[in-house]
Every structure is written in structure tokens, then in C-alpha cells.
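Undergrad: Pasting run15.txt below, which is compact mmCIF, all heavy atoms.
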```txt
# COMPACT_ATOMS: atom_id res chain seq x y z
N MET A 294 -14.90 -45.19 -67.66
CA MET A 294 -15.02 -44.20 -66.60
C MET A 294 -13.63 -43.89 -66.05
O MET A 294 -12.75 -44.72 -66.04
CB MET A 294 -15.87 -44.72 -65.45
CG MET A 294 -17.33 -44.93 -65.72
SD MET A 294 -18.42 -43.55 -65.50
CE MET A 294 -18.34 -43.05 -63.86
N ASP A 295 -13.50 -42.71 -65.56
CA ASP A 295 -12.25 -42.27 -64.95
C ASP A 295 -12.59 -41.70 -63.58
O ASP A 295 -12.67 -40.48 -63.41
CB ASP A 295 -11.57 -41.23 -65.84
CG ASP A 295 -10.19 -40.84 -65.34
OD1 ASP A 295 -9.64 -41.55 -64.47
OD2 ASP A 295 -9.67 -39.83 -65.81
N PRO A 296 -12.79 -42.57 -62.60
CA PRO A 296 -13.26 -42.10 -61.29
C PRO A 296 -12.31 -41.12 -60.61
O PRO A 296 -12.74 -40.26 -59.85
CB PRO A 296 -13.42 -43.37 -60.47
CG PRO A 296 -12.66 -44.41 -61.19
CD PRO A 296 -12.58 -44.00 -62.63
N ASP A 297 -11.01 -41.21 -60.88
CA ASP A 297 -10.05 -40.30 -60.25
C ASP A 297 -9.94 -38.98 -61.01
O ASP A 297 -9.36 -38.01 -60.49
CB ASP A 297 -8.66 -40.94 -60.17
CG ASP A 297 -8.66 -42.20 -59.33
OD1 ASP A 297 -9.45 -42.26 -58.37
OD2 ASP A 297 -7.87 -43.10 -59.64
N GLY A 298 -10.42 -38.92 -62.23
CA GLY A 298 -10.35 -37.71 -63.02
C GLY A 298 -8.96 -37.35 -63.50
O GLY A 298 -8.69 -36.24 -63.89
N ASN A 299 -8.04 -38.32 -63.50
CA ASN A 299 -6.66 -38.01 -63.91
C ASN A 299 -6.37 -38.41 -65.35
O ASN A 299 -5.26 -38.18 -65.83
CB ASN A 299 -5.66 -38.68 -62.96
CG ASN A 299 -5.77 -40.18 -62.95
OD1 ASN A 299 -6.44 -40.77 -63.79
ND2 ASN A 299 -5.12 -40.81 -62.00
N ARG A 300 -7.32 -38.99 -66.03
CA ARG A 300 -7.23 -39.34 -67.45
C ARG A 300 -6.07 -40.29 -67.77
O ARG A 300 -5.60 -40.34 -68.90
CB ARG A 300 -7.16 -38.08 -68.30
CG ARG A 300 -8.34 -37.14 -68.03
CD ARG A 300 -8.32 -35.95 -68.90
NE ARG A 300 -8.63 -36.33 -70.25
CZ ARG A 300 -9.72 -35.97 -70.90
NH1 ARG A 300 -10.59 -35.20 -70.34
NH2 ARG A 300 -9.92 -36.38 -72.14
N GLU A 301 -5.62 -41.06 -66.82
CA GLU A 301 -4.53 -42.01 -67.04
C GLU A 301 -4.94 -43.10 -68.03
O GLU A 301 -4.09 -43.65 -68.73
CB GLU A 301 -4.08 -42.64 -65.73
CG GLU A 301 -3.27 -41.72 -64.85
CD GLU A 301 -1.91 -41.39 -65.46
OE1 GLU A 301 -1.25 -42.30 -66.00
OE2 GLU A 301 -1.51 -40.23 -65.39
N LEU A 302 -6.22 -43.42 -68.11
CA LEU A 302 -6.68 -44.48 -69.02
C LEU A 302 -6.42 -44.13 -70.47
O LEU A 302 -6.27 -45.01 -71.31
CB LEU A 302 -8.18 -44.74 -68.80
CG LEU A 302 -8.56 -45.27 -67.42
CD1 LEU A 302 -10.08 -45.35 -67.29
CD2 LEU A 302 -7.92 -46.61 -67.18
N ILE A 303 -6.35 -42.84 -70.79
CA ILE A 303 -6.10 -42.42 -72.18
C ILE A 303 -4.74 -42.94 -72.65
O ILE A 303 -4.57 -43.28 -73.82
CB ILE A 303 -6.20 -40.88 -72.31
CG1 ILE A 303 -7.65 -40.47 -72.12
CG2 ILE A 303 -5.64 -40.39 -73.63
CD1 ILE A 303 -7.89 -38.99 -72.10
N LYS A 304 -3.78 -43.01 -71.76
CA LYS A 304 -2.44 -43.47 -72.13
C LYS A 304 -2.43 -44.93 -72.54
O LYS A 304 -1.52 -45.38 -73.23
CB LYS A 304 -1.47 -43.24 -70.98
CG LYS A 304 -1.25 -41.78 -70.69
CD LYS A 304 -0.34 -41.59 -69.50
CE LYS A 304 -0.19 -40.11 -69.17
NZ LYS A 304 0.59 -39.90 -67.96
N ASP A 305 -3.44 -45.70 -72.12
CA ASP A 305 -3.52 -47.13 -72.46
C ASP A 305 -4.26 -47.38 -73.76
O ASP A 305 -4.37 -48.53 -74.19
CB ASP A 305 -4.22 -47.89 -71.34
CG ASP A 305 -3.41 -47.92 -70.05
OD1 ASP A 305 -2.17 -47.85 -70.14
OD2 ASP A 305 -4.02 -48.01 -68.98
N MET A 306 -4.75 -46.34 -74.40
CA MET A 306 -5.50 -46.52 -75.65
C MET A 306 -4.54 -46.71 -76.81
O MET A 306 -3.45 -46.15 -76.83
CB MET A 306 -6.40 -45.32 -75.89
CG MET A 306 -7.41 -45.13 -74.77
SD MET A 306 -8.42 -43.70 -75.03
CE MET A 306 -9.77 -44.48 -75.88
N ASN A 307 -4.96 -47.51 -77.78
CA ASN A 307 -4.15 -47.81 -78.95
C ASN A 307 -4.89 -47.44 -80.22
O ASN A 307 -6.12 -47.44 -80.26
CB ASN A 307 -3.79 -49.29 -79.00
CG ASN A 307 -2.92 -49.69 -77.85
OD1 ASN A 307 -1.87 -49.09 -77.63
ND2 ASN A 307 -3.34 -50.68 -77.09
N LYS A 308 -4.13 -47.13 -81.26
CA LYS A 308 -4.71 -46.79 -82.55
C LYS A 308 -5.67 -47.90 -82.99
O LYS A 308 -5.34 -49.08 -82.92
CB LYS A 308 -3.59 -46.61 -83.58
CG LYS A 308 -4.06 -46.16 -84.92
CD LYS A 308 -2.91 -45.90 -85.85
CE LYS A 308 -3.40 -45.41 -87.19
NZ LYS A 308 -2.31 -45.05 -88.08
N GLY A 309 -6.86 -47.50 -83.40
CA GLY A 309 -7.87 -48.46 -83.84
C GLY A 309 -8.88 -48.84 -82.78
O GLY A 309 -9.90 -49.45 -83.10
N ASP A 310 -8.61 -48.52 -81.50
CA ASP A 310 -9.57 -48.82 -80.44
C ASP A 310 -10.86 -48.04 -80.69
O ASP A 310 -10.84 -46.91 -81.18
CB ASP A 310 -9.04 -48.43 -79.06
CG ASP A 310 -7.98 -49.37 -78.54
OD1 ASP A 310 -7.76 -50.44 -79.15
OD2 ASP A 310 -7.35 -49.05 -77.51
N VAL A 311 -11.99 -48.65 -80.36
CA VAL A 311 -13.29 -48.00 -80.50
C VAL A 311 -13.70 -47.45 -79.15
O VAL A 311 -13.58 -48.12 -78.12
CB VAL A 311 -14.35 -49.00 -81.02
CG1 VAL A 311 -15.72 -48.36 -81.09
CG2 VAL A 311 -13.94 -49.53 -82.38
N VAL A 312 -14.17 -46.19 -79.14
CA VAL A 312 -14.57 -45.51 -77.90
C VAL A 312 -16.05 -45.14 -78.02
O VAL A 312 -16.47 -44.53 -79.01
CB VAL A 312 -13.74 -44.22 -77.69
CG1 VAL A 312 -14.17 -43.51 -76.42
CG2 VAL A 312 -12.26 -44.55 -77.65
N PHE A 313 -16.82 -45.51 -77.03
CA PHE A 313 -18.23 -45.14 -76.96
C PHE A 313 -18.35 -43.92 -76.07
O PHE A 313 -17.91 -43.93 -74.93
CB PHE A 313 -19.08 -46.29 -76.42
CG PHE A 313 -19.11 -47.47 -77.34
CD1 PHE A 313 -18.18 -48.49 -77.23
CD2 PHE A 313 -20.07 -47.55 -78.33
CE1 PHE A 313 -18.20 -49.57 -78.09
CE2 PHE A 313 -20.10 -48.64 -79.20
CZ PHE A 313 -19.16 -49.65 -79.07
N ASN A 314 -18.91 -42.84 -76.60
CA ASN A 314 -19.08 -41.58 -75.87
C ASN A 314 -20.52 -41.50 -75.38
O ASN A 314 -21.44 -41.50 -76.19
CB ASN A 314 -18.76 -40.39 -76.79
CG ASN A 314 -17.37 -40.51 -77.38
OD1 ASN A 314 -16.40 -40.18 -76.74
ND2 ASN A 314 -17.28 -41.01 -78.60
N TYR A 315 -20.70 -41.43 -74.07
CA TYR A 315 -22.02 -41.45 -73.46
C TYR A 315 -22.45 -40.07 -73.00
O TYR A 315 -21.63 -39.23 -72.62
CB TYR A 315 -22.04 -42.38 -72.25
CG TYR A 315 -21.95 -43.83 -72.61
CD1 TYR A 315 -20.73 -44.47 -72.69
CD2 TYR A 315 -23.11 -44.56 -72.87
CE1 TYR A 315 -20.65 -45.81 -73.02
CE2 TYR A 315 -23.04 -45.89 -73.20
CZ TYR A 315 -21.80 -46.52 -73.27
OH TYR A 315 -21.73 -47.83 -73.60
N PHE A 316 -23.74 -39.83 -73.03
CA PHE A 316 -24.37 -38.69 -72.39
C PHE A 316 -25.49 -39.28 -71.57
O PHE A 316 -26.51 -39.72 -72.12
CB PHE A 316 -24.90 -37.69 -73.42
CG PHE A 316 -25.57 -36.50 -72.79
CD1 PHE A 316 -24.81 -35.53 -72.17
CD2 PHE A 316 -26.94 -36.37 -72.80
CE1 PHE A 316 -25.41 -34.44 -71.57
CE2 PHE A 316 -27.55 -35.30 -72.20
CZ PHE A 316 -26.79 -34.32 -71.59
N GLY A 317 -25.27 -39.37 -70.27
CA GLY A 317 -26.23 -40.05 -69.42
C GLY A 317 -26.27 -41.52 -69.79
O GLY A 317 -25.22 -42.13 -70.02
N PRO A 318 -27.44 -42.10 -69.92
CA PRO A 318 -27.52 -43.53 -70.27
C PRO A 318 -27.46 -43.81 -71.77
O PRO A 318 -27.56 -44.96 -72.19
CB PRO A 318 -28.89 -43.93 -69.72
CG PRO A 318 -29.70 -42.69 -69.84
CD PRO A 318 -28.74 -41.54 -69.57
N TYR A 319 -27.29 -42.77 -72.58
CA TYR A 319 -27.35 -42.91 -74.03
C TYR A 319 -25.98 -42.81 -74.69
O TYR A 319 -25.14 -42.02 -74.27
CB TYR A 319 -28.26 -41.84 -74.63
CG TYR A 319 -29.62 -41.81 -74.00
CD1 TYR A 319 -29.94 -40.81 -73.08
CD2 TYR A 319 -30.57 -42.78 -74.29
CE1 TYR A 319 -31.19 -40.79 -72.47
CE2 TYR A 319 -31.81 -42.76 -73.69
CZ TYR A 319 -32.12 -41.77 -72.78
OH TYR A 319 -33.35 -41.76 -72.19
N VAL A 320 -25.79 -43.60 -75.74
CA VAL A 320 -24.57 -43.47 -76.54
C VAL A 320 -24.75 -42.24 -77.42
O VAL A 320 -25.68 -42.15 -78.21
CB VAL A 320 -24.33 -44.73 -77.42
CG1 VAL A 320 -23.13 -44.51 -78.32
CG2 VAL A 320 -24.12 -45.95 -76.55
N ARG A 321 -23.84 -41.28 -77.26
CA ARG A 321 -23.93 -40.04 -78.02
C ARG A 321 -23.14 -40.12 -79.32
O ARG A 321 -23.51 -39.56 -80.34
CB ARG A 321 -23.40 -38.90 -77.16
CG ARG A 321 -23.51 -37.56 -77.80
CD ARG A 321 -23.12 -36.48 -76.85
NE ARG A 321 -23.28 -35.18 -77.49
CZ ARG A 321 -23.11 -34.06 -76.87
NH1 ARG A 321 -22.78 -34.05 -75.61
NH2 ARG A 321 -23.26 -32.93 -77.52
N ALA A 322 -22.00 -40.82 -79.28
CA ALA A 322 -21.15 -40.94 -80.46
C ALA A 322 -20.24 -42.14 -80.30
O ALA A 322 -20.03 -42.64 -79.19
CB ALA A 322 -20.32 -39.68 -80.66
N VAL A 323 -19.70 -42.61 -81.41
CA VAL A 323 -18.71 -43.67 -81.41
C VAL A 323 -17.48 -43.11 -82.12
O VAL A 323 -17.59 -42.54 -83.20
CB VAL A 323 -19.22 -44.94 -82.13
CG1 VAL A 323 -18.16 -46.02 -82.14
CG2 VAL A 323 -20.49 -45.44 -81.45
N SER A 324 -16.31 -43.24 -81.49
CA SER A 324 -15.07 -42.70 -82.04
C SER A 324 -14.05 -43.81 -82.21
O SER A 324 -14.15 -44.86 -81.58
CB SER A 324 -14.49 -41.64 -81.10
OG SER A 324 -15.43 -40.65 -80.81
N VAL A 325 -13.05 -43.55 -83.06
CA VAL A 325 -11.94 -44.48 -83.25
C VAL A 325 -10.65 -43.74 -82.91
O VAL A 325 -10.44 -42.60 -83.35
CB VAL A 325 -11.90 -45.00 -84.70
CG1 VAL A 325 -10.70 -45.92 -84.90
CG2 VAL A 325 -13.18 -45.74 -85.03
N VAL A 326 -9.81 -44.36 -82.11
CA VAL A 326 -8.54 -43.76 -81.70
C VAL A 326 -7.61 -43.69 -82.91
O VAL A 326 -7.46 -44.67 -83.64
CB VAL A 326 -7.90 -44.59 -80.56
CG1 VAL A 326 -6.54 -44.04 -80.17
CG2 VAL A 326 -8.83 -44.64 -79.36
N THR A 327 -6.99 -42.52 -83.13
CA THR A 327 -6.13 -42.32 -84.30
C THR A 327 -4.64 -42.37 -83.97
O THR A 327 -3.83 -42.48 -84.88
CB THR A 327 -6.43 -40.98 -84.99
OG1 THR A 327 -6.23 -39.92 -84.05
CG2 THR A 327 -7.87 -40.96 -85.51
N GLU A 328 -4.28 -42.26 -82.69
CA GLU A 328 -2.88 -42.34 -82.27
C GLU A 328 -2.81 -43.07 -80.95
O GLU A 328 -3.73 -42.98 -80.14
CB GLU A 328 -2.27 -40.94 -82.07
CG GLU A 328 -2.15 -40.10 -83.31
CD GLU A 328 -1.45 -38.78 -83.02
OE1 GLU A 328 -0.40 -38.81 -82.33
OE2 GLU A 328 -1.95 -37.75 -83.45
N ASN A 329 -1.71 -43.77 -80.70
CA ASN A 329 -1.53 -44.43 -79.41
C ASN A 329 -1.50 -43.37 -78.32
O ASN A 329 -0.95 -42.28 -78.50
CB ASN A 329 -0.25 -45.25 -79.39
CG ASN A 329 -0.35 -46.47 -80.28
OD1 ASN A 329 -1.44 -46.95 -80.56
ND2 ASN A 329 0.78 -46.96 -80.72
N GLY A 330 -2.06 -43.70 -77.17
CA GLY A 330 -2.16 -42.76 -76.07
C GLY A 330 -0.84 -42.24 -75.57
O GLY A 330 -0.73 -41.09 -75.17
N GLY A 331 0.20 -43.05 -75.60
CA GLY A 331 1.50 -42.61 -75.11
C GLY A 331 2.22 -41.69 -76.05
O GLY A 331 3.13 -40.97 -75.65
N THR A 332 1.81 -41.65 -77.32
CA THR A 332 2.52 -40.83 -78.30
C THR A 332 1.71 -39.62 -78.76
O THR A 332 2.24 -38.77 -79.47
CB THR A 332 2.90 -41.65 -79.54
OG1 THR A 332 1.70 -42.16 -80.13
CG2 THR A 332 3.81 -42.80 -79.18
N ALA A 333 0.46 -39.53 -78.39
CA ALA A 333 -0.38 -38.42 -78.84
C ALA A 333 0.05 -37.12 -78.17
O ALA A 333 0.53 -37.11 -77.05
CB ALA A 333 -1.84 -38.71 -78.51
N ARG A 334 -0.14 -36.02 -78.90
CA ARG A 334 0.21 -34.72 -78.33
C ARG A 334 -0.87 -34.29 -77.35
O ARG A 334 -2.01 -34.74 -77.41
CB ARG A 334 0.39 -33.70 -79.44
CG ARG A 334 -0.88 -33.40 -80.20
CD ARG A 334 -0.65 -32.28 -81.22
NE ARG A 334 -1.85 -31.99 -81.94
CZ ARG A 334 -2.87 -31.27 -81.50
NH1 ARG A 334 -2.82 -30.75 -80.30
NH2 ARG A 334 -3.93 -31.07 -82.23
N GLU A 335 -0.50 -33.40 -76.46
CA GLU A 335 -1.47 -32.84 -75.52
C GLU A 335 -2.47 -31.98 -76.28
O GLU A 335 -2.10 -31.29 -77.23
CB GLU A 335 -0.75 -31.97 -74.48
CG GLU A 335 0.09 -32.76 -73.50
CD GLU A 335 -0.76 -33.53 -72.51
OE1 GLU A 335 -1.81 -33.02 -72.07
OE2 GLU A 335 -0.36 -34.66 -72.17
N PRO A 336 -3.74 -31.99 -75.87
CA PRO A 336 -4.69 -31.11 -76.53
C PRO A 336 -4.31 -29.65 -76.30
O PRO A 336 -3.81 -29.30 -75.25
CB PRO A 336 -6.03 -31.44 -75.89
CG PRO A 336 -5.75 -32.37 -74.78
CD PRO A 336 -4.33 -32.78 -74.84
N GLY A 337 -4.54 -28.83 -77.28
CA GLY A 337 -4.20 -27.42 -77.16
C GLY A 337 -5.34 -26.56 -77.64
O GLY A 337 -6.42 -27.05 -77.94
N PRO A 338 -5.10 -25.27 -77.74
CA PRO A 338 -6.16 -24.36 -78.18
C PRO A 338 -6.51 -24.58 -79.65
O PRO A 338 -5.67 -25.04 -80.43
CB PRO A 338 -5.55 -22.98 -77.97
CG PRO A 338 -4.08 -23.21 -77.98
CD PRO A 338 -3.85 -24.60 -77.46
N PHE A 339 -7.73 -24.27 -80.00
CA PHE A 339 -8.21 -24.39 -81.37
C PHE A 339 -8.58 -23.02 -81.89
O PHE A 339 -9.02 -22.16 -81.14
CB PHE A 339 -9.42 -25.33 -81.45
CG PHE A 339 -9.06 -26.76 -81.17
CD1 PHE A 339 -9.02 -27.25 -79.89
CD2 PHE A 339 -8.75 -27.60 -82.21
CE1 PHE A 339 -8.68 -28.55 -79.63
CE2 PHE A 339 -8.41 -28.93 -81.97
CZ PHE A 339 -8.38 -29.41 -80.68
N ASN A 340 -8.43 -22.82 -83.20
CA ASN A 340 -8.82 -21.54 -83.79
C ASN A 340 -10.32 -21.54 -84.08
O ASN A 340 -11.02 -22.51 -83.81
CB ASN A 340 -7.99 -21.24 -85.04
CG ASN A 340 -8.20 -22.25 -86.15
OD1 ASN A 340 -9.21 -22.94 -86.20
ND2 ASN A 340 -7.25 -22.34 -87.06
N ALA A 341 -10.81 -20.46 -84.68
CA ALA A 341 -12.25 -20.33 -84.94
C ALA A 341 -12.77 -21.39 -85.89
O ALA A 341 -13.95 -21.75 -85.85
CB ALA A 341 -12.55 -18.94 -85.49
N ALA A 342 -11.90 -21.94 -86.75
CA ALA A 342 -12.32 -22.98 -87.70
C ALA A 342 -12.28 -24.37 -87.08
O ALA A 342 -12.57 -25.35 -87.74
CB ALA A 342 -11.42 -22.93 -88.93
N GLY A 343 -11.89 -24.46 -85.80
CA GLY A 343 -11.83 -25.75 -85.12
C GLY A 343 -10.55 -26.53 -85.37
O GLY A 343 -10.46 -27.70 -85.04
N LYS A 344 -9.53 -25.87 -85.94
CA LYS A 344 -8.26 -26.51 -86.22
C LYS A 344 -7.26 -26.19 -85.09
O LYS A 344 -7.29 -25.10 -84.53
CB LYS A 344 -7.67 -25.99 -87.54
CG LYS A 344 -8.59 -26.18 -88.72
CD LYS A 344 -8.59 -27.59 -89.19
CE LYS A 344 -9.45 -27.71 -90.45
NZ LYS A 344 -9.59 -29.04 -90.88
N PRO A 345 -6.37 -27.14 -84.77
CA PRO A 345 -5.36 -26.85 -83.74
C PRO A 345 -4.48 -25.67 -84.17
O PRO A 345 -4.16 -25.52 -85.34
CB PRO A 345 -4.53 -28.13 -83.67
CG PRO A 345 -5.38 -29.18 -84.28
CD PRO A 345 -6.27 -28.49 -85.27
N GLN A 346 -4.11 -24.84 -83.22
CA GLN A 346 -3.25 -23.68 -83.52
C GLN A 346 -1.80 -24.06 -83.49
O GLN A 346 -1.37 -24.92 -82.84
CB GLN A 346 -3.50 -22.56 -82.52
CG GLN A 346 -4.87 -21.97 -82.66
CD GLN A 346 -5.09 -20.81 -81.68
OE1 GLN A 346 -4.31 -20.58 -80.77
NE2 GLN A 346 -6.18 -20.12 -81.86
```
Let me see the structure of the file written as C-alpha cells.
TA:
Amino acid sequence: MDPDGNRELIKDMNKGDVVFNYFGPYVRAVSVVTENGGTAREPGPFNAAGKPQ
């Protein structure tokens, strides 16, 4: 959870960490971190194919 909404916790994530994505009380998806949080690029716009521009 990120109660402050500032997403600072993302910077503490490391490559290989497992993330559980919730929707209400249910696990919606499980993801694996692909880059360390301090070195990842900022999210940007995506094209119609879902690829970063």
C-alpha cells in the first residue's frame, strides 16, 4: 500500500521482486520486477500497439 500516494515504495523495489496486484480483496495478477526502482525510467506515453513511444 502507498497511503501517501507518492509512490516512494517503488524506488525500493529490486529486480526479481514479486508483486501481488490486488483488486479489492482478490489477487488480480502477479508480476515480477524487471529493473531496480532507482534505475527504471519514468513511465511515458504508449502508442496504439501498447509499446512505449
Undergrad: Within 4.5 Å of (-17.5, -42.8, -79.8) (file coordinates; all atoms listed in the file), which protein or nucleic acid residues are there? I'd like them as a short mmCIF file (atom, residue, chain, number, x, y, z; two decimals) with all heavy atoms, in the frame of the given file.
TA:
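The file below, result_5.cif, is the result:
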```
data_model
loop_
_atom_site.label_atom_id
_atom_site.label_comp_id
_atom_site.auth_asym_id
_atom_site.auth_seq_id
_atom_site.Cartn_x
_atom_site.Cartn_y
_atom_site.Cartn_z
N VAL A 312 -14.17 -46.19 -79.14
CA VAL A 312 -14.57 -45.51 -77.90
C VAL A 312 -16.05 -45.14 -78.02
O VAL A 312 -16.47 -44.53 -79.01
CB VAL A 312 -13.74 -44.22 -77.69
CG1 VAL A 312 -14.17 -43.51 -76.42
CG2 VAL A 312 -12.26 -44.55 -77.65
N PHE A 313 -16.82 -45.51 -77.03
CA PHE A 313 -18.23 -45.14 -76.96
C PHE A 313 -18.35 -43.92 -76.07
O PHE A 313 -17.91 -43.93 -74.93
CB PHE A 313 -19.08 -46.29 -76.42
CG PHE A 313 -19.11 -47.47 -77.34
CD1 PHE A 313 -18.18 -48.49 -77.23
CD2 PHE A 313 -20.07 -47.55 -78.33
CE1 PHE A 313 -18.20 -49.57 -78.09
CE2 PHE A 313 -20.10 -48.64 -79.20
CZ PHE A 313 -19.16 -49.65 -79.07
N ASN A 314 -18.91 -42.84 -76.60
CA ASN A 314 -19.08 -41.58 -75.87
C ASN A 314 -20.52 -41.50 -75.38
O ASN A 314 -21.44 -41.50 -76.19
CB ASN A 314 -18.76 -40.39 -76.79
CG ASN A 314 -17.37 -40.51 -77.38
OD1 ASN A 314 -16.40 -40.18 -76.74
ND2 ASN A 314 -17.28 -41.01 -78.60
N ALA A 322 -22.00 -40.82 -79.28
CA ALA A 322 -21.15 -40.94 -80.46
C ALA A 322 -20.24 -42.14 -80.30
O ALA A 322 -20.03 -42.64 -79.19
CB ALA A 322 -20.32 -39.68 -80.66
N VAL A 323 -19.70 -42.61 -81.41
CA VAL A 323 -18.71 -43.67 -81.41
C VAL A 323 -17.48 -43.11 -82.12
O VAL A 323 -17.59 -42.54 -83.20
CB VAL A 323 -19.22 -44.94 -82.13
CG1 VAL A 323 -18.16 -46.02 -82.14
CG2 VAL A 323 -20.49 -45.44 -81.45
N SER A 324 -16.31 -43.24 -81.49
CA SER A 324 -15.07 -42.70 -82.04
C SER A 324 -14.05 -43.81 -82.21
O SER A 324 -14.15 -44.86 -81.58
CB SER A 324 -14.49 -41.64 -81.10
OG SER A 324 -15.43 -40.65 -80.81
#
```
Undergrad: Have a look at atom C of A:Gly330 and atom CA of A:Gly317 and let me know their distance in Å, one decimal.
TA: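 Going from atom C of A:Gly330 over to atom CA of A:Gly317 covers 26.2 Å.
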Undergrad: Atom CA of A:Leu302 and atom CG1 of A:Val325, how far apart in Å?
TA: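 Between atom CG1 of A:Val325 and atom CA of A:Leu302 the gap is 16.4 Å.
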Undergrad: To one decimal place in Å, what is the distance between atom CA of A:Gly309 and atom CA of A:Phe339?
TA: 24.2 Å
